[in-house]
Number of protein chains: 2
Amino acid sequence: MSHIVYNPKIILVRPQMQENIGATARAMANFSLNDLSLVNPREELCEKAYAMSSGATYILDNVKYYDSVTNAVSECQYIIATTARGRSINKPTYALEEGIKLILHKQAQGQKCGILFGPERTGLENDDLMLADSLIHVPVNPEFASLNLAQCVLLVAYEYFKQAHHNNFDYISSEPLANKNDINHMINHLITELDQSGFFFPPEKRLSSVTLISNIFSRNNLTEQEVRTLRGVIKALVKIRQQ
Amino acid sequence: MSHIVYNPKIILVRPQMQENIGATARAMANFSLNDLSLVNPREELCEKAYAMSSGATYILDNVKYYDSVTNAVSECQYIIATTARGRSINKPTYALEEGIKLILHKQAQGQKCGILFGPERTGLENDDLMLADSLIHVPVNPEFASLNLAQCVLLVAYEYFKQAHHNNFDYISSEPLANKNDINHMINHLITELDQSGFFFPPEKRLSSVTLISNIFSRNNLTEQEVRTLRGVIKALVKIRQQ
């Protein structure tokens, strides 16, 4: 896991819906972000926001309020603004994945970054975008492009978390895997029984059938327990014959 | 943009909330998915779902209903199940980004893929996971890991859309893979024979043994020919008994 100097500041500009602020807090908590700011929300935080946060109250309790975007971004060194595609403004514009790469790069240089999200219906105004160094957009189906505010935060937070942690997650520990010796003994057991049953007919096809059967089991990452079970299965299927 | 043969089938297993089904449809529309299936939803789709879909009614209108996960996956060749981290089950487990890479790879080989999502509170049961070839989990903050169902679909759909439109996969010819229906019939054939042989003893362990055996074969990408061969193997092993 990489060492993160700062997490980005998430800045909701003139948010209208309490539910979206709560869902934003939840999405931030899901992805280890905690620095939430509101610029001129329609109203102060109330119960609706807390209910939607599903327990991410520590984020809502520490929300910072600002009366202008200029003040909200003041301690940051780098600001990126989320937009729908197709804003014609002469700033570097990145798809989300690339934009997050850029933020991580800036943070690695010790810069505090902020990410601006616009109001639900209208998005950010040109006056807001003026304060950003660059723009990001989430790649979406152009025929159905409307993303809810909190969904947009969720996607940004996911992409940030994923890249910040280098995708380097431990895989789930599982049962001990059988070694090849165990697997090959099991396969040989099966082949022996099949030989006795007359399965391989005509004889000239035996080799290709043995190969096919061996392949089924050899590529399968069998655990020790599974190999024991398969041996039990073979014995059970033939046991009447052996009596 | 690469040519996508199939989009994955999105399968909600026993969904409880209309709102989540509607939000799922919206998330799918955002990212150009349209194949939605419901397995035993608590109730049929109603107005609440349509309201939450924000206009993705064409997806809800074409929802397919199933009475079991087995039937929902039957025409697919590859099934991936979404889980929270930490399920100890011996199947390949991928973080979302890697899991989507795998799905695109399977699709490039002409395989129809399905993605299973569990019920809101409980997630998928072991019986559901048994039918999956592999598992994916969304990397999240382990201290705040609860993702809403529709948010989980949104993240999966986003990652799919992003990768599907940026990566090029070559077509790779391979043997035709068995569909899940063929595989499940083969497994049932095996279980039936094992029941007759008295393999499952004591009876209270039958379920866990059946699960273990099913998992061996369901995760294994069997070809049609391999399934035919395995059925021949079962018949050969028991044939003396049947005489």
# chains A, B, ... in the order shown; residues from 1 in each chain; ligands from 1
$ interface_residues --of "chain B" --to "chain A" --cutoff "7 Å" --atoms "only C-alpha atoms" --output "MDAnalysis selection string"
chainID B and resid 29:32 86 88:90 93 139:141 144:145 155 162 194 197 199 220 236:238 240:241
$ write_last_selection --atoms "C-alpha atoms" --output "PDB file, in the first residue's frame"
ATOM      1  CA  ALA B  29     -28.124   2.533 -18.834  1.00  0.00           C
ATOM      2  CA  ASN B  30     -25.344   4.920 -17.814  1.00  0.00           C
ATOM      3  CA  PHE B  31     -22.856   2.343 -18.946  1.00  0.00           C
ATOM      4  CA  SER B  32     -24.607   0.792 -21.946  1.00  0.00           C
ATOM      5  CA  GLY B  86     -13.283 -12.633   2.998  1.00  0.00           C
ATOM      6  CA  SER B  88     -13.328 -18.524   2.025  1.00  0.00           C
ATOM      7  CA  ILE B  89     -14.304 -20.550  -0.966  1.00  0.00           C
ATOM      8  CA  ASN B  90     -11.882 -22.153  -3.335  1.00  0.00           C
ATOM      9  CA  THR B  93     -11.179 -14.314  -6.621  1.00  0.00           C
ATOM     10  CA  PRO B 139     -11.988  -3.026  -3.235  1.00  0.00           C
ATOM     11  CA  VAL B 140     -13.355  -0.908  -0.394  1.00  0.00           C
ATOM     12  CA  ASN B 141     -12.294   0.507   2.929  1.00  0.00           C
ATOM     13  CA  PHE B 144     -16.683   0.824   6.038  1.00  0.00           C
ATOM     14  CA  ALA B 145     -17.367  -1.852   3.512  1.00  0.00           C
ATOM     15  CA  LEU B 155     -19.195   0.338 -10.000  1.00  0.00           C
ATOM     16  CA  LYS B 162     -14.394   1.871 -19.237  1.00  0.00           C
ATOM     17  CA  LEU B 194     -23.359 -41.204  -5.456  1.00  0.00           C
ATOM     18  CA  SER B 197     -23.853 -45.863  -3.843  1.00  0.00           C
ATOM     19  CA  PHE B 199     -21.434 -42.197  -0.674  1.00  0.00           C
ATOM     20  CA  ASN B 220     -13.585 -25.329 -14.296  1.00  0.00           C
ATOM     21  CA  ALA B 236     -18.323 -46.446 -16.983  1.00  0.00           C
ATOM     22  CA  LEU B 237     -17.549 -46.409 -13.286  1.00  0.00           C
ATOM     23  CA  VAL B 238     -21.028 -47.490 -12.302  1.00  0.00           C
ATOM     24  CA  ILE B 240     -21.125 -53.050 -13.481  1.00  0.00           C
ATOM     25  CA  ARG B 241     -23.436 -52.024 -10.724  1.00  0.00           C
TER      26      ARG B 241
END
$ calpha_fit_rmsd --fixed "chain A" --moving "chain B"
23.5 Å
$ residues_around --residues "Val69 in chain B" --least-positions-apart "3" --cutoff "10 Å" --atoms "only C-alpha atoms" --output "PyMOL selection string"
chain B and resi 11-14+38-40+66+72-74+116+127-129+131
$ closest_residue --among "A:Arg228, A:Thr83, A:Glu125, A:Asn71" --to "His185 in chain A" --atoms "only C-alpha atoms"
A:Arg228
$ atom_distance --atom1 "CA of Thr70 in chain A" --atom2 "CA of Asn126 in chain A"
13.1 Å
$ closest_residue --among "B:Glu19, B:Asp182, B:Asn34, B:Lys91" --to "Ala51 in chain B" --atoms "only C-alpha atoms"
B:Glu19
$ select_by_dssp --residues "range 79-178 of chain A" --states "helix (DSSP H, G or I)" --output "ChimeraX atom specification"
/A:96-108,126-129,149-164
$ atom_distance --atom1 "CA of Ile187 in chain B" --atom2 "CA of Thr192 in chain A"
22.0 Å
$ select_by_dssp --residues "range 29-215 of chain A" --states "strand (DSSP E or B)" --output "ChimeraX atom specification"
/A:36-39,64-66,78-82,93-95,113-117,134-137,177
$ atom_distance --atom1 "CA of Leu104 in chain A" --atom2 "CA of Ala164 in chain A"
7.0 Å
